[in-house]
Every structure is written in structure tokens, then in C-alpha cells.
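> If it helps, the file is called model22.csv and holds CSV, C-alpha atoms:
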chain,number,residue,atom,x,y,z
A,1,MET,CA,26.0,-131.3,-10.8
A,2,ASN,CA,27.1,-134.9,-10.8
A,3,SER,CA,29.0,-136.3,-7.8
A,4,PHE,CA,32.7,-137.3,-8.0
A,5,ALA,CA,31.8,-141.0,-7.3
A,6,THR,CA,29.2,-141.0,-10.2
A,7,MET,CA,31.7,-139.4,-12.6
A,8,LEU,CA,34.4,-141.8,-11.7
A,9,GLY,CA,32.1,-144.9,-11.7
A,10,ILE,CA,32.7,-145.7,-8.1
A,11,SER,CA,30.2,-147.7,-6.0
A,12,THR,CA,28.9,-145.8,-3.0
A,13,SER,CA,28.8,-148.7,-0.7
A,14,ARG,CA,27.8,-148.0,2.9
A,15,ASN,CA,31.0,-149.3,4.4
A,16,LYS,CA,33.4,-147.7,1.9
A,17,THR,CA,35.7,-144.8,2.7
A,18,ARG,CA,38.0,-143.4,0.0
A,19,PHE,CA,39.5,-140.2,-1.4
A,20,LEU,CA,37.8,-139.2,-4.7
A,21,GLY,CA,39.7,-136.3,-6.0
A,22,THR,CA,40.6,-132.6,-5.8
A,23,THR,CA,39.6,-129.4,-7.5
A,24,GLY,CA,41.0,-125.9,-7.1
A,25,ASP,CA,38.6,-125.2,-4.2
A,26,GLY,CA,38.8,-128.5,-2.2
A,27,MET,CA,38.6,-132.2,-2.2
A,28,ALA,CA,35.9,-134.9,-2.3
A,29,VAL,CA,35.9,-137.9,0.0
A,30,LEU,CA,33.4,-140.8,0.3
A,31,VAL,CA,32.7,-141.8,3.9
A,32,ASN,CA,30.5,-144.7,4.7
A,33,GLY,CA,28.6,-144.4,1.4
A,34,LYS,CA,28.1,-140.6,1.7
A,35,GLU,CA,30.1,-138.1,-0.4
A,36,PHE,CA,31.5,-134.9,1.1
A,37,PHE,CA,33.2,-132.0,-0.5
A,38,LEU,CA,35.8,-130.4,1.9
A,39,ARG,CA,36.6,-126.9,0.9
A,40,TYR,CA,40.1,-125.7,1.5
A,41,ALA,CA,38.7,-122.5,3.1
A,42,ASP,CA,37.2,-124.8,5.8
A,43,PHE,CA,39.9,-127.4,6.0
A,44,PRO,CA,43.1,-125.6,5.0
A,45,TRP,CA,45.5,-128.4,5.9
A,46,PHE,CA,44.5,-130.5,2.8
A,47,GLU,CA,45.7,-127.8,0.4
A,48,TYR,CA,49.3,-128.6,1.4
A,49,CYS,CA,49.0,-132.4,0.9
A,50,GLY,CA,49.7,-134.6,-2.0
A,51,ALA,CA,47.2,-137.0,-3.5
A,52,SER,CA,49.0,-140.0,-2.1
A,53,GLU,CA,48.7,-138.6,1.5
A,54,LEU,CA,45.0,-137.9,0.9
A,55,ARG,CA,44.3,-141.4,-0.4
A,56,ASP,CA,45.4,-142.8,3.0
A,57,VAL,CA,42.0,-142.2,4.6
A,58,THR,CA,40.1,-144.4,7.1
A,59,SER,CA,36.9,-143.9,9.0
A,60,ASP,CA,34.6,-145.4,11.6
A,61,ARG,CA,31.2,-144.2,12.8
A,62,TRP,CA,32.7,-141.3,14.8
A,63,GLY,CA,35.2,-139.8,12.4
A,64,VAL,CA,37.5,-139.7,9.4
A,65,TYR,CA,41.3,-140.1,9.8
A,66,TRP,CA,44.2,-139.2,7.6
A,67,ASN,CA,47.0,-140.9,9.5
A,68,ALA,CA,49.8,-139.9,7.1
A,69,ILE,CA,49.2,-136.2,7.7
A,70,GLY,CA,47.9,-136.3,11.3
A,71,VAL,CA,44.4,-135.0,10.6
A,72,ASP,CA,41.3,-136.5,12.4
A,73,LEU,CA,37.9,-135.0,11.8
A,74,PRO,CA,34.5,-136.0,13.4
A,75,ILE,CA,31.7,-136.8,11.0
A,76,GLU,CA,29.8,-133.8,12.2
A,77,ALA,CA,32.7,-131.5,11.0
A,78,LEU,CA,32.2,-132.9,7.5
A,79,GLU,CA,28.4,-132.4,7.6
A,80,HIS,CA,28.6,-128.9,9.2
A,81,PRO,CA,32.0,-127.4,8.7
A,82,GLU,CA,30.8,-123.9,9.8
A,83,GLN,CA,30.2,-125.3,13.3
A,84,PHE,CA,33.8,-126.6,13.6
A,85,PRO,CA,36.3,-123.8,13.3
A,86,GLU,CA,39.9,-125.0,12.8
A,87,LYS,CA,41.4,-126.1,16.1
A,88,ILE,CA,45.0,-125.8,15.0
A,89,SER,CA,46.6,-123.1,12.9
A,90,VAL,CA,48.0,-124.1,9.5
A,91,GLU,CA,51.4,-122.7,10.6
A,92,SER,CA,51.7,-124.9,13.7
A,93,TRP,CA,50.4,-127.9,11.7
A,94,LEU,CA,53.1,-127.3,9.0
A,95,LYS,CA,55.8,-127.1,11.8
A,96,ALA,CA,54.6,-130.4,13.3
A,97,ARG,CA,54.5,-131.9,9.9
A,98,SER,CA,58.1,-130.9,9.1
A,99,ARG,CA,59.3,-132.2,12.5
A,100,ASN,CA,57.6,-135.5,11.8
A,101,ALA,CA,59.2,-135.6,8.3
A,102,ALA,CA,62.6,-134.9,9.7
A,103,ARG,CA,62.1,-137.7,12.3
A,104,VAL,CA,61.0,-140.2,9.6
A,105,LEU,CA,63.7,-139.2,7.1
A,106,GLY,CA,66.4,-139.4,9.8
A,107,GLN,CA,65.5,-143.1,10.3
A,108,VAL,CA,66.0,-144.0,6.7
A,109,LYS,CA,68.9,-146.3,6.0
A,110,SER,CA,70.8,-145.9,2.8
A,111,SER,CA,74.2,-146.9,1.4
A,112,ARG,CA,75.3,-143.3,1.4
A,113,LYS,CA,74.5,-142.9,5.1
A,114,ALA,CA,76.3,-146.1,5.9
A,115,ALA,CA,79.4,-145.1,4.0
A,116,ALA,CA,79.4,-141.7,5.7
A,117,SER,CA,79.1,-143.4,9.1
A,118,ARG,CA,82.1,-145.7,8.3
A,119,GLN,CA,84.1,-142.7,7.3
A,120,ASN,CA,83.2,-140.9,10.5
A,121,GLY,CA,84.2,-144.0,12.5
A,122,LEU,CA,87.6,-144.0,10.9
A,123,LYS,CA,88.1,-140.4,12.1
A,124,GLY,CA,87.3,-141.5,15.7
A,125,GLY,CA,83.5,-141.4,15.6
A,126,ARG,CA,81.1,-138.8,16.7
A,127,PRO,CA,82.6,-136.2,19.1
A,128,ARG,CA,81.6,-136.8,22.7
A,129,LYS,CA,79.3,-134.4,24.4
A,130,PRO,CA,80.9,-132.7,27.4
A,131,THR,CA,79.8,-134.4,30.6
A,132,ILE,CA,78.5,-132.3,33.4
A,133,PRO,CA,79.5,-133.7,36.8
A,134,ARG,CA,76.6,-134.8,38.9
A,135,HIS,CA,76.6,-133.7,42.5
A,136,SER,CA,75.3,-136.4,44.8
A,137,SER,CA,73.7,-135.6,48.0
A,138,VAL,CA,76.6,-137.2,49.9
A,139,ALA,CA,79.1,-134.8,48.2
A,140,LYS,CA,76.9,-131.9,49.2
A,141,LEU,CA,76.8,-133.0,52.8
A,142,ARG,CA,80.6,-133.3,52.9
A,143,THR,CA,81.1,-129.8,51.7
A,144,LYS,CA,78.7,-128.4,54.3
A,145,ARG,CA,80.6,-129.9,57.2
A,146,THR,CA,82.0,-127.4,59.7
A,147,PRO,CA,85.4,-128.0,61.3
A,148,ALA,CA,85.3,-129.3,65.0
In C-alpha cells, what does this structure look like?

Amino acid sequence: MNSFATMLGISTSRNKTRFLGTTGDGMAVLVNGKEFFLRYADFPWFEYCGASELRDVTSDRWGVYWNAIGVDLPIEALEHPEQFPEKISVESWLKARSRNAARVLGQVKSSRKAAASRQNGLKGGRPRKPTIPRHSSVAKLRTKRTPA
């Protein structure tokens, strides 16, 4: 069987790291000139990612990093996946991923959000949260005084 890099005509330079492609069973990645096939059974997070997220891959001599999806793997995990069982469940990874997406999308500025904000301002703005009175230590001392 030919490697992904050979089929795609990609140079396997020693200092190159890149995403090569996916199949129904997993994905191929080139790390420091060596090609690895990561099966979805061993690395289930990648099955839920798009190609653009998987292309955002970097590496050093210790590991491989997909910053867009928050997955960091040591080189040994690529070489011997059976020795590295998954550390985080797919469910909790998906929850963290959706929280991050909500945070990022909430920071997006658009003309529609700006118009909605102006409309809300005309109505008096965002309702204030009820304030809880703080009890200072001085106020507590005054309430504990006994009459003379």
C-alpha cells in the first residue's frame, strides 16, 4: 500500500508537519518526515473535526498539537497508540469544545449584533442584576453590641 504522502506527491522532509487526509477509518498526518495513520478507534476526537481544523497541526520533538481543537499528543502515542488509552472521554471533550465555540462566537462583532445592542440601549439597556448588600465586619460588630 502506498503512503498518503507518496500518492499526493508531498515531500517527506524531516522538518515538515502536515495533515495528509482522512478515510472512513482514520486520518494520516506527516510528522517530522514520518507518516502516521491515526485510527478513529484509537483517537476518537478526530472523527468529529473538519478538515480545516485538522490542517492546523504543529509539532516539535516531543509532540503533535492541534490548537484549533485542543488536542495534544506525544510522539509516542502516535507510534504506539495501544500504550496510550484516551485520557479524556469524547463526551467531555465535546462539551469543552462547545463551551469554547460559544465563547469565541460570543466575541464576534457583526452589524446585526450592533443594531440589537442599540435597540436594547433605547429601551434602557440591559437590566441590572439585583445587588446583594455586603456586610462589613464593622456592621457585624455594631449588631453584636450589648446595651450598657
> Could you give me, as a PyMOL selection string, the residues that sit within 10 Å of (31.9, -144.0, 13.2) in the file's coordinates, counting all atoms listed in the file?
chain A and resi 31-32+59-64+74-75
> So how many Å separate atom CA of Met27 of chain A and atom CA of Ser89 of chain A, to one decimal?
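Distance reported for this atom pair: 19.4 Å.
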> Rank A:Pro81, A:Arg118, A:Pro44, A:Arg55 by their smallest atom-to-atom distance to Val29 of chain A, using all atoms listed in the file, and report the top residue only.
A:Arg55
> Could you please determine the separation between atom CA of Gly26 of chain A and atom CA of Ala41 of chain A in Å, to one decimal place?
8.0 Å
> Can you tell me, as a PyMOL selection string, which residues sit within 10 Å of (40.8, -139.1, -2.1) in the file's frame, using only C-alpha atoms?
chain A and resi 17-22+27-30+50-57
> Save the residues we just selected, C-alpha atoms, as a PDB file, in the frame of the given file?

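Written output follows (out_17.pdb):
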ATOM      1  CA  THR A  17      35.700-144.800   2.700  1.00  0.00           C
ATOM      2  CA  ARG A  18      38.000-143.400   0.000  1.00  0.00           C
ATOM      3  CA  PHE A  19      39.500-140.200  -1.400  1.00  0.00           C
ATOM      4  CA  LEU A  20      37.800-139.200  -4.700  1.00  0.00           C
ATOM      5  CA  GLY A  21      39.700-136.300  -6.000  1.00  0.00           C
ATOM      6  CA  THR A  22      40.600-132.600  -5.800  1.00  0.00           C
ATOM      7  CA  MET A  27      38.600-132.200  -2.200  1.00  0.00           C
ATOM      8  CA  ALA A  28      35.900-134.900  -2.300  1.00  0.00           C
ATOM      9  CA  VAL A  29      35.900-137.900   0.000  1.00  0.00           C
ATOM     10  CA  LEU A  30      33.400-140.800   0.300  1.00  0.00           C
ATOM     11  CA  GLY A  50      49.700-134.600  -2.000  1.00  0.00           C
ATOM     12  CA  ALA A  51      47.200-137.000  -3.500  1.00  0.00           C
ATOM     13  CA  SER A  52      49.000-140.000  -2.100  1.00  0.00           C
ATOM     14  CA  GLU A  53      48.700-138.600   1.500  1.00  0.00           C
ATOM     15  CA  LEU A  54      45.000-137.900   0.900  1.00  0.00           C
ATOM     16  CA  ARG A  55      44.300-141.400  -0.400  1.00  0.00           C
ATOM     17  CA  ASP A  56      45.400-142.800   3.000  1.00  0.00           C
ATOM     18  CA  VAL A  57      42.000-142.200   4.600  1.00  0.00           C
TER      19      VAL A  57
END
> Would you work out the distance separating atom CA of Ala68 of chain A from atom CA of Gln83 of chain A, expressed in Å to one decimal?
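Distance between the two atoms: 25.2 Å.
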> Restricting the calculation to only C-alpha atoms, which member of A:Cys49, A:Ala116, A:Val108, A:Ile132 is positioned closest to Gly70 of chain A?
A:Cys49
